$ cat start29.txt   # compact mmCIF, C-alpha atoms and all ligand atoms
# COMPACT_ATOMS: atom_id res chain seq x y z
CA MET V 70 14.01 -23.56 -20.25
CA LYS V 71 14.78 -25.95 -17.39
CA ARG V 72 18.46 -25.11 -17.63
CA GLN V 73 17.67 -21.38 -17.55
CA ILE V 74 15.44 -21.82 -14.50
CA ILE V 75 18.13 -23.73 -12.61
CA SER V 76 20.80 -21.22 -13.57
CA GLU V 77 18.70 -18.22 -12.46
CA LEU V 78 17.86 -19.88 -9.15
CA GLU V 79 21.56 -20.59 -8.58
CA SER V 80 22.37 -17.00 -9.37
CA LEU V 81 19.82 -15.77 -6.80
CA LYS V 82 21.33 -18.12 -4.21
CA SER V 83 24.83 -16.87 -4.88
CA LYS V 84 23.67 -13.27 -4.31
CA ASN V 85 21.70 -14.15 -1.17
CA ARG V 86 18.54 -13.09 -2.95
CA TYR V 87 16.92 -16.50 -3.11
CA ARG V 88 13.48 -16.64 -1.52
CA THR V 89 11.55 -19.40 0.19
CA LEU V 90 8.03 -19.41 1.59
CA SER V 91 7.81 -19.49 5.36
CA PHE V 92 4.73 -19.66 7.55
CA PRO V 93 3.82 -17.09 10.19
CA ASN V 94 5.95 -17.92 13.19
CA GLY V 95 6.10 -15.86 16.37
CA LEU V 96 4.63 -12.54 17.39
CA ASP V 97 3.38 -10.61 14.36
CA PHE V 98 5.77 -7.75 13.66
CA SER V 99 5.63 -8.20 9.91
CA SER V 100 2.12 -8.38 8.49
CA ASN V 101 0.01 -5.50 7.20
CA ASP V 102 -2.93 -6.53 9.36
CA TYR V 103 -2.39 -3.30 11.27
CA LEU V 104 -5.73 -3.33 13.11
CA CYS V 105 -5.78 -7.13 13.55
CA LEU V 106 -9.12 -7.36 11.76
CA SER V 107 -8.27 -10.53 9.81
CA GLN V 108 -9.12 -12.51 12.96
CA ASN V 109 -11.98 -10.31 14.13
CA ARG V 110 -15.11 -12.19 15.23
CA GLU V 111 -17.58 -9.76 13.68
CA LEU V 112 -15.75 -9.91 10.37
CA LYS V 113 -15.74 -13.70 10.34
CA LYS V 114 -19.46 -13.69 11.04
CA SER V 115 -20.06 -11.16 8.30
CA PHE V 116 -18.00 -13.20 5.83
CA LYS V 117 -20.04 -16.36 6.56
CA GLU V 118 -23.23 -14.35 6.18
CA GLY V 119 -21.93 -13.00 2.85
CA ILE V 120 -21.25 -16.50 1.56
CA GLU V 121 -24.79 -17.54 2.52
CA LEU V 122 -26.24 -14.48 0.79
CA PHE V 123 -24.16 -14.40 -2.37
CA GLY V 124 -22.52 -17.82 -2.77
CA THR V 125 -18.81 -18.44 -3.05
CA GLY V 126 -17.82 -16.96 -6.40
CA SER V 127 -18.96 -14.11 -8.61
CA THR V 128 -18.93 -16.40 -11.69
CA ALA V 129 -17.74 -13.85 -14.28
CA SER V 130 -16.27 -10.44 -14.93
CA ARG V 131 -18.43 -7.59 -13.67
CA LEU V 132 -19.10 -6.57 -17.25
CA ILE V 133 -20.60 -10.00 -17.95
CA ARG V 134 -22.61 -11.79 -15.22
CA GLY V 135 -20.34 -11.06 -12.25
CA HIS V 136 -21.84 -7.72 -11.23
CA ARG V 137 -23.73 -7.58 -7.91
CA ASP V 138 -25.63 -4.97 -5.99
CA VAL V 139 -23.29 -5.52 -3.02
CA PHE V 140 -20.34 -4.21 -5.06
CA GLU V 141 -22.15 -0.97 -5.80
CA ARG V 142 -23.29 -0.51 -2.20
CA THR V 143 -19.79 -1.16 -0.88
CA GLU V 144 -18.28 1.22 -3.41
CA ALA V 145 -20.68 3.94 -2.25
CA ILE V 146 -19.89 3.27 1.43
CA PHE V 147 -16.17 3.31 0.72
CA ALA V 148 -16.37 6.53 -1.31
CA ASP V 149 -18.30 8.20 1.48
CA TRP V 150 -15.67 7.14 4.02
CA VAL V 151 -12.74 8.59 2.07
CA LYS V 152 -14.68 11.65 0.87
CA SER V 153 -14.71 10.74 -2.78
CA GLU V 154 -17.51 11.17 -5.29
CA ASN V 155 -17.36 7.48 -6.20
CA SER V 156 -15.11 4.41 -6.12
CA LEU V 157 -14.45 1.22 -8.06
CA PHE V 158 -13.86 -2.11 -6.30
CA VAL V 159 -11.30 -4.40 -7.95
CA ALA V 160 -9.55 -7.69 -7.18
CA ASN V 161 -6.48 -6.30 -5.38
CA GLY V 162 -4.10 -3.38 -5.14
CA TYR V 163 -1.77 -4.83 -7.74
CA ALA V 164 -4.58 -4.96 -10.31
CA ALA V 165 -5.73 -1.48 -9.26
CA ASN V 166 -2.37 0.24 -9.69
CA SER V 167 -1.18 -1.59 -12.77
CA GLY V 168 -4.55 -1.42 -14.53
CA LEU V 169 -5.20 2.21 -13.63
CA ILE V 170 -1.84 3.51 -14.80
CA ASP V 171 -1.97 1.42 -17.96
CA CYS V 172 -5.39 2.68 -19.01
CA LEU V 173 -4.57 6.35 -18.35
CA SER V 174 -1.34 6.36 -20.36
CA ASP V 175 0.10 5.83 -23.79
CA SER V 176 3.63 5.93 -25.19
CA ARG V 177 3.67 9.76 -25.20
CA THR V 178 2.54 10.15 -21.58
CA ILE V 179 5.24 11.13 -19.08
CA ILE V 180 4.86 9.48 -15.68
CA PHE V 181 6.69 11.06 -12.77
CA THR V 182 7.16 8.38 -10.15
CA ASP V 183 8.77 8.50 -6.72
CA ARG V 184 11.95 6.44 -6.75
CA LEU V 185 10.55 4.10 -4.05
CA ASN V 186 7.06 3.49 -5.41
CA HIS V 187 5.62 -0.03 -5.24
CA ALA V 188 6.20 -2.64 -7.97
CA SER V 189 2.52 -2.57 -8.98
CA ILE V 190 2.96 1.10 -9.94
CA LEU V 191 6.13 0.40 -11.89
CA ASP V 192 4.51 -2.52 -13.67
CA GLY V 193 1.61 -0.29 -14.72
CA ILE V 194 4.08 2.15 -16.23
CA ARG V 195 5.91 -0.66 -17.98
CA ILE V 196 2.76 -2.21 -19.45
CA SER V 197 1.53 1.18 -20.68
CA GLY V 198 4.78 1.93 -22.51
CA ALA V 199 4.72 5.47 -21.08
CA ILE V 200 7.86 7.53 -20.50
CA LYS V 201 9.07 7.00 -16.93
CA LYS V 202 10.78 9.75 -14.96
CA TYR V 203 11.93 8.90 -11.46
CA TYR V 204 12.13 11.70 -8.95
CA ARG V 205 14.22 11.35 -5.81
CA HIS V 206 12.33 9.84 -2.89
CA ARG V 207 9.85 12.42 -1.47
CA ASP V 208 11.84 15.19 -3.13
CA THR V 209 9.20 17.52 -4.57
CA GLY V 210 11.94 20.02 -5.48
CA HIS V 211 13.39 17.42 -7.82
CA LEU V 212 9.92 16.61 -9.14
CA ALA V 213 9.32 20.31 -9.86
CA GLU V 214 12.60 20.48 -11.76
CA LEU V 215 11.67 17.45 -13.90
CA LEU V 216 8.21 18.87 -14.58
CA ARG V 217 9.70 22.21 -15.55
CA LYS V 218 12.06 20.57 -18.04
CA SER V 219 9.43 18.34 -19.62
CA ASP V 220 7.48 18.96 -22.82
CA PRO V 221 4.67 21.37 -21.84
CA SER V 222 2.27 19.75 -24.30
CA ALA V 223 2.82 16.17 -23.04
CA LYS V 224 0.21 14.42 -20.91
CA LYS V 225 1.66 14.10 -17.40
CA ILE V 226 0.92 11.81 -14.47
CA ILE V 227 2.43 12.12 -10.99
CA VAL V 228 2.24 9.03 -8.82
CA SER V 229 3.27 8.42 -5.22
CA GLU V 230 2.48 6.24 -2.25
CA SER V 231 1.25 8.22 0.76
CA VAL V 232 2.85 6.00 3.43
CA PHE V 233 5.74 4.16 1.79
CA SER V 234 5.46 0.41 2.22
CA MET V 235 9.09 -0.45 2.92
CA ASP V 236 10.36 2.84 4.36
CA GLY V 237 7.35 3.91 6.41
CA ASP V 238 7.79 7.61 5.63
CA ILE V 239 5.09 9.85 4.18
CA CYS V 240 4.90 11.85 0.95
CA ALA V 241 4.56 15.65 0.90
CA LEU V 242 0.97 15.52 -0.25
CA SER V 243 0.24 19.27 -0.29
CA ASP V 244 3.30 19.89 -2.46
CA LEU V 245 2.28 17.12 -4.86
CA VAL V 246 -1.17 18.68 -5.20
CA LYS V 247 0.39 22.09 -5.79
CA LEU V 248 2.64 20.74 -8.54
CA LYS V 249 -0.10 18.76 -10.20
CA ARG V 250 -2.17 21.97 -10.45
CA GLU V 251 0.75 24.05 -11.65
CA TYR V 252 1.63 21.60 -14.43
CA ASP V 253 -1.88 20.37 -15.19
CA ALA V 254 -0.89 16.79 -14.38
CA THR V 255 -3.03 13.87 -13.20
CA LEU V 256 -2.27 12.87 -9.61
CA ILE V 257 -2.46 9.28 -8.33
CA ILE V 258 -1.88 8.57 -4.64
CA ASP V 259 -1.55 5.01 -3.33
CA GLU V 260 -2.91 4.95 0.23
CA ALA V 261 -2.39 1.19 0.77
CA HIS V 262 -0.49 1.56 4.05
CA ALA V 263 -2.26 4.68 5.31
CA LEU V 264 -5.81 3.35 5.24
CA GLY V 265 -7.10 2.57 8.72
CA ILE V 266 -4.21 4.36 10.41
CA PHE V 267 -4.13 8.00 9.31
CA GLY V 268 -6.70 10.70 8.64
CA ILE V 269 -10.23 11.26 9.89
CA GLN V 270 -11.72 7.89 10.91
CA GLY V 271 -8.68 6.18 9.39
CA GLY V 272 -9.55 7.26 5.84
CA GLY V 273 -5.92 7.85 4.82
CA ILE V 274 -3.31 10.59 4.59
CA SER V 275 -5.52 12.58 2.19
CA LEU V 276 -7.99 12.95 5.06
CA ASP V 277 -5.37 14.28 7.47
CA GLU V 278 -6.12 17.98 7.75
CA ASN V 279 -2.57 18.70 8.89
CA ARG V 280 -1.24 17.34 5.60
CA LEU V 281 -3.84 18.46 3.08
CA ASP V 282 -6.49 21.16 3.08
CA PRO V 283 -9.75 19.14 2.86
CA SER V 284 -10.99 21.36 0.03
CA LEU V 285 -8.11 20.00 -2.09
CA ILE V 286 -8.99 16.29 -1.76
CA PRO V 287 -10.76 16.29 -5.17
CA GLU V 288 -7.48 17.48 -6.73
CA ILE V 289 -6.17 13.95 -6.23
CA ASP V 290 -7.58 12.42 -9.37
CA PHE V 291 -7.23 8.81 -8.25
CA ARG V 292 -6.60 7.38 -4.79
CA VAL V 293 -5.82 3.67 -4.53
CA PHE V 294 -6.67 1.81 -1.30
CA THR V 295 -6.20 -1.88 -0.68
CA ALA V 296 -8.52 -4.02 1.41
CA GLY V 297 -5.79 -6.60 2.13
CA LYS V 298 -4.07 -4.60 4.84
CA SER V 299 -5.91 -2.70 7.60
CA LEU V 300 -9.31 -3.87 6.34
CA GLY V 301 -8.28 -7.49 7.03
CA LEU V 302 -9.66 -8.85 3.74
CA GLU V 303 -8.59 -8.49 0.12
CA GLY V 304 -9.48 -6.35 -2.86
CA ALA V 305 -8.88 -2.68 -3.58
CA PHE V 306 -10.74 0.54 -4.24
CA ILE V 307 -9.93 3.30 -6.69
CA ALA V 308 -11.55 6.44 -5.31
CA THR V 309 -12.38 8.93 -8.05
CA THR V 310 -15.21 10.81 -9.77
CA SER V 311 -18.22 9.05 -11.28
CA LEU V 312 -17.04 10.12 -14.73
CA SER V 313 -13.58 8.60 -14.24
CA LYS V 314 -15.14 5.46 -12.82
CA GLU V 315 -17.19 5.15 -16.02
CA TYR V 316 -13.92 5.44 -17.95
CA LEU V 317 -12.22 2.73 -15.86
CA VAL V 318 -15.17 0.36 -16.29
CA ASN V 319 -14.75 0.78 -20.04
CA LYS V 320 -10.98 0.85 -20.31
CA MET V 321 -9.20 -0.79 -17.38
CA ARG V 322 -8.03 -4.18 -18.55
CA THR V 323 -7.38 -5.67 -15.09
CA PHE V 324 -11.01 -4.88 -14.26
CA ILE V 325 -12.57 -5.93 -17.56
CA PHE V 326 -10.69 -9.16 -18.22
CA SER V 327 -10.85 -10.67 -14.74
CA THR V 328 -13.51 -12.46 -12.71
CA ALA V 329 -15.20 -10.08 -10.28
CA PRO V 330 -14.09 -10.43 -6.63
CA ILE V 331 -15.98 -12.72 -4.27
CA PRO V 332 -19.15 -10.79 -3.36
CA ALA V 333 -18.92 -11.90 0.28
CA ILE V 334 -15.68 -9.96 0.53
CA ALA V 335 -17.43 -6.75 -0.53
CA HIS V 336 -20.17 -7.54 2.00
CA THR V 337 -17.59 -8.04 4.77
CA ILE V 338 -15.72 -4.86 3.85
CA GLN V 339 -18.82 -2.93 4.95
CA THR V 340 -18.42 -4.40 8.44
CA SER V 341 -14.70 -3.70 8.37
CA ILE V 342 -15.27 -0.03 7.49
CA ALA V 343 -17.85 0.37 10.27
CA LEU V 344 -15.34 -1.07 12.79
CA ILE V 345 -12.35 0.94 11.55
CA LYS V 346 -14.21 4.24 11.78
CA LYS V 347 -14.54 3.66 15.52
CA MET V 348 -10.94 2.64 16.12
CA ASP V 349 -9.39 6.01 17.01
CA PRO V 350 -8.04 4.70 20.35
CA GLU V 351 -6.35 1.76 18.60
CA ARG V 352 -4.80 4.10 16.02
CA GLN V 353 -3.42 6.35 18.73
CA ILE V 354 -1.94 3.52 20.77
CA LEU V 355 -0.44 1.87 17.69
CA LEU V 356 1.29 5.04 16.54
CA ALA V 357 2.48 5.81 20.08
CA ASN V 358 3.93 2.30 20.24
CA ALA V 359 5.67 2.81 16.91
CA PHE V 360 7.14 6.06 18.23
CA TYR V 361 8.31 4.27 21.39
CA LEU V 362 10.00 1.46 19.47
CA ARG V 363 11.64 3.81 16.98
CA ASN V 364 13.15 5.88 19.78
CA ALA V 365 14.37 2.82 21.65
CA LEU V 366 16.04 1.45 18.51
CA ARG V 367 17.70 4.79 17.86
CA GLU V 368 19.03 4.82 21.40
CA LYS V 369 20.58 1.47 20.58
CA GLU V 370 22.14 3.19 17.58
CA MET V 371 20.28 1.09 15.07
CA GLU V 372 19.75 2.55 11.64
CA THR V 373 16.01 3.26 11.60
CA LEU V 374 14.70 5.72 9.05
CA GLN V 375 13.02 8.97 10.04
CA THR V 376 9.44 7.71 9.83
CA GLU V 377 6.16 8.69 11.42
CA SER V 378 4.14 5.62 10.66
CA GLN V 379 3.55 2.09 11.94
CA ILE V 380 6.28 0.81 9.60
CA ILE V 381 9.80 0.86 11.04
CA PRO V 382 12.65 -0.25 8.82
CA VAL V 383 15.92 -1.24 10.45
CA VAL V 384 18.42 -0.87 7.64
CA LEU V 385 21.30 -3.37 7.79
CA PHE V 386 22.49 -2.90 4.16
CA ASP V 387 23.76 -6.47 3.96
CA GLU V 388 21.55 -9.37 2.77
CA ILE V 389 23.20 -11.99 4.98
CA LYS V 390 23.02 -9.81 8.06
CA ALA V 391 19.33 -9.16 7.47
CA LEU V 392 18.59 -12.86 6.95
CA GLU V 393 20.57 -13.91 10.01
CA LYS V 394 18.99 -11.29 12.22
CA SER V 395 15.50 -12.25 11.06
CA ALA V 396 16.24 -15.95 11.77
CA ARG V 397 17.57 -15.13 15.23
CA LEU V 398 14.51 -13.03 16.04
CA LYS V 399 12.29 -15.85 14.88
CA ARG V 400 14.02 -18.18 17.36
CA ASP V 401 13.28 -15.58 20.04
CA GLY V 402 9.59 -15.61 19.09
CA PHE V 403 9.38 -12.50 16.87
CA ASP V 404 8.18 -12.69 13.29
CA ILE V 405 10.21 -9.96 11.59
CA ARG V 406 11.13 -10.47 7.96
CA ALA V 407 14.27 -9.57 6.07
CA ILE V 408 13.50 -7.45 3.00
CA ARG V 409 16.18 -7.58 0.32
CA PRO V 410 16.84 -6.32 -3.20
CA PRO V 411 15.16 -6.03 -5.60
CA THR V 412 12.23 -5.16 -3.28
CA VAL V 413 14.42 -2.52 -1.63
CA GLN V 414 17.83 -1.13 -2.43
CA ASP V 415 19.29 -1.60 1.06
CA SER V 416 18.56 -4.86 2.88
CA ARG V 417 16.66 -4.38 6.08
CA LEU V 418 14.32 -5.73 8.69
CA ARG V 419 10.85 -4.31 8.16
CA ILE V 420 9.04 -4.01 11.48
CA SER V 421 5.33 -3.26 11.45
CA ILE V 422 3.30 -2.45 14.53
CA ASN V 423 -0.25 -3.68 14.90
CA SER V 424 -2.93 -2.77 17.40
CA GLU V 425 -2.44 -5.85 19.57
CA ILE V 426 1.27 -5.28 20.22
CA THR V 427 1.79 -4.23 23.84
CA ARG V 428 4.54 -2.24 25.54
CA GLU V 429 5.69 -5.52 27.12
CA ASN V 430 6.03 -7.04 23.65
CA LEU V 431 8.03 -4.01 22.54
CA ASP V 432 10.32 -4.12 25.58
CA ALA V 433 10.94 -7.82 24.96
CA LEU V 434 11.82 -7.07 21.34
CA ILE V 435 14.07 -4.15 22.27
CA ASN V 436 15.94 -6.46 24.66
CA VAL V 437 16.81 -9.03 22.03
CA ILE V 438 17.14 -7.02 18.85
C1 LIG D 501 2.00 0.46 -1.68
C2 LIG D 501 1.32 -0.77 -2.16
N1 LIG D 501 0.48 -0.67 -3.19
C3 LIG D 501 -0.16 -1.75 -3.67
C4 LIG D 501 0.03 -2.99 -3.12
C5 LIG D 501 -0.68 -4.14 -3.71
O1 LIG D 501 -1.85 -4.40 -3.00
P1 LIG D 501 -2.46 -5.86 -2.94
O2 LIG D 501 -1.68 -6.64 -1.95
O3 LIG D 501 -3.89 -5.65 -2.54
O4 LIG D 501 -2.36 -6.44 -4.32
C6 LIG D 501 0.90 -3.12 -2.03
C7 LIG D 501 1.17 -4.39 -1.33
O5 LIG D 501 0.87 -5.45 -1.53
C8 LIG D 501 1.57 -1.99 -1.55
O6 LIG D 501 2.42 -2.09 -0.53
$ encode --input "start29.txt" --output "structure tokens"
Amino acid sequence: MKRQIISELESLKSKNRYRTLSFPNGLDFSSNDYLCLSQNRELKKSFKEGIELFGTGSTASRLIRGHRDVFERTEAIFADWVKSENSLFVANGYAANSGLIDCLSDSRTIIFTDRLNHASILDGIRISGAIKKYYRHRDTGHLAELLRKSDPSAKKIIVSESVFSMDGDICALSDLVKLKREYDATLIIDEAHALGIFGIQGGGISLDENRLDPSLIPEIDFRVFTAGKSLGLEGAFIATTSLSKEYLVNKMRTFIFSTAPIPAIAHTIQTSIALIKKMDPERQILLANAFYLRNALREKEMETLQTESQIIPVVLFDEIKALEKSARLKRDGFDIRAIRPPTVQDSRLRISINSEITRENLDALINVI
């Protein structure tokens, strides 16, 4: 085994795909703490209060002795925020996506997945043994074609991110809902990078009336939201009906066979939600700043993708170029990470804008990039 480990590490190095851990260094243009809540004073206070109230750990799976009233209250508050009948709180987005997809599928299920969906979605498909059909990124015409050609009697699941994590663009949600109805498929939307930024009170793309008729929200069978990004904490919610929640509690292995999250986190999420609902001005400024930076980079003829979100990829194609550029930016005081295969196909810098970034910060970045 040791020889295999050394050989695989050498192979990664030779392809410039070797990774090392590096601490935050410089102005944050790379985290997913879009509303800067991870350092918020009220949240820290709430977390300490939660520890005093509930202790440090949950001590067991929620189906054993790990269940707490605070989980149920937070699930109800979350569901109300995102206009869902109910929600289930789990350890993180990875466990939510992989566990959800696994427990909904079997080897005869066909899962239609956007080509650029997150690894946690792909791993769920892999674990379940379902049949995977990739459709071209955001191409609902291609999806329709694949659905049309598929076995009409097969169980079908369509899954997409709303805001794509590495490309920053947004799925055609109305079209996905239309197709799911037409082909009687189950629809899963991962709102990890939309929560806090888009939709009414930051509740996600599904709550953006310009993208989806509000009466159609219940057509999205499962919406996955993480608490590790805009909410400034960790954990994840699966927003769904009470009936489906009952099913997940009984069937979802990443929920059943894992210690319940720290109750103080659920407690603190309530504070986070209350704050985020009031952050319309921050959302507007942040998106205006993203628009400003994107335009400035385009004027410099940099290859940014056509995005509308707080995530701006600068595609450089080449691993070494991306690594060198990231290192140079770090020396200039900007924390912008190189993202390389296999995370993405084309190496890039992934720039994310948070609510504390100012126009001066952006101008300084534009000058050196
Ligand atoms: C789109 C998407 N879904 C799910 C996850 C996983 O969420 P978590 O970090 O809470 O495990 C991430 C990122 O980490 C993500 O970008």
$ atom_distance --input "start29.txt" --atom1 "atom CA of Leu216 of chain V" --atom2 "atom CA of Leu248 of chain V"
8.4 Å
$ atom_distance --input "start29.txt" --atom1 "atom CA of Pro382 of chain V" --atom2 "atom CA of Leu106 of chain V"
23.1 Å
$ residues_near_ligand --input "start29.txt" --ligand "ligand LIG 501 (chain D)" --cutoff "10 Å" --atoms "only C-alpha atoms and all ligand atoms" --output "MDAnalysis selection string"
chainID V and resid 101 159:167 185:190 229:235 258:263 293:298 302:306
$ closest_residue --input "start29.txt" --among "V:Met371, V:Leu90, V:Ile438, V:Leu81" --to "Glu393 of chain V" --atoms "all atoms listed in the file"
V:Ile438
$ closest_atom_pairs --input "start29.txt" --of "segment 194-293 of chain V" --to "segment 309-316 of chain V" --cutoff "12 Å" --atoms "only C-alpha atoms" --output "tab-separated table"
residue	atom	partner	partner_atom	distance
V:Thr255	CA	V:Thr309	CA	11.8
V:Leu256	CA	V:Thr309	CA	11.0
V:Ile257	CA	V:Thr309	CA	9.9
V:Ile258	CA	V:Thr309	CA	11.0
V:Ile286	CA	V:Thr309	CA	10.3
V:Pro287	CA	V:Thr309	CA	8.1
V:Glu288	CA	V:Thr309	CA	9.9
V:Ile289	CA	V:Thr309	CA	8.2
V:Asp290	CA	V:Thr309	CA	6.1
V:Phe291	CA	V:Thr309	CA	5.2
V:Arg292	CA	V:Thr309	CA	6.8
V:Val293	CA	V:Thr309	CA	9.1
$ residues_around --input "start29.txt" --residues "Lys224 of chain V" --least-positions-apart "5" --cutoff "8 Å" --atoms "only C-alpha atoms" --output "short mmCIF file (atom, residue, chain, number, x, y, z; two decimals) with C-alpha atoms, in the coordinates of the input"
data_model
loop_
_atom_site.label_atom_id
_atom_site.label_comp_id
_atom_site.auth_asym_id
_atom_site.auth_seq_id
_atom_site.Cartn_x
_atom_site.Cartn_y
_atom_site.Cartn_z
CA ARG V 177 3.67 9.76 -25.20
CA THR V 178 2.54 10.15 -21.58
CA ILE V 179 5.24 11.13 -19.08
CA ALA V 254 -0.89 16.79 -14.38
#
$ closest_residue --input "start29.txt" --among "V:Lys201, V:Lys346, V:Arg352, V:Arg134" --to "Tyr103 of chain V" --atoms "only C-alpha atoms"
V:Arg352
$ closest_residue --input "start29.txt" --among "V:Asn319, V:Thr89, V:Thr128, V:Ser299" --to "Cys172 of chain V" --atoms "all atoms listed in the file"
V:Asn319
$ residues_near_point --input "start29.txt" --point "(7.9, 7.5, 19.9)" --cutoff "12 Å" --atoms "all atoms listed in the file" --output "VMD selection string"
chain V and resid 353 to 368 375 to 379 381 428 431
$ atom_distance --input "start29.txt" --atom1 "atom CA of Thr125 of chain V" --atom2 "atom CA of Gln108 of chain V"
19.6 Å
$ residues_around --input "start29.txt" --residues "Pro410 of chain V" --least-positions-apart "4" --cutoff "9 Å" --atoms "all atoms listed in the file" --output "PyMOL selection string"
chain V and resi 86+388+414-416
$ residues_around --input "start29.txt" --residues "Ser174 of chain V" --least-positions-apart "5" --cutoff "9 Å" --atoms "only C-alpha atoms" --output "list in words"
Leu169, Ile179, Ile180, Ile194, Ser197, Gly198, Ala199, Lys224, Lys225 and Ile226 of chain V
$ axis_aligned_box --input "start29.txt" --around "segment 368-373 of chain V" --padding-each-side "4 Å" --output "AutoDock Vina command-line options"
--center_x 19.1 --center_y 3.0 --center_z 16.5 --size_x 14.1 --size_y 11.7 --size_z 17.8
$ residues_near_point --input "start29.txt" --point "(-13.9, -11.9, 13.8)" --cutoff "12 Å" --atoms "all atoms listed in the file" --output "PyMOL selection string"
chain V and resi 104-117+300-302+337+340-341+344
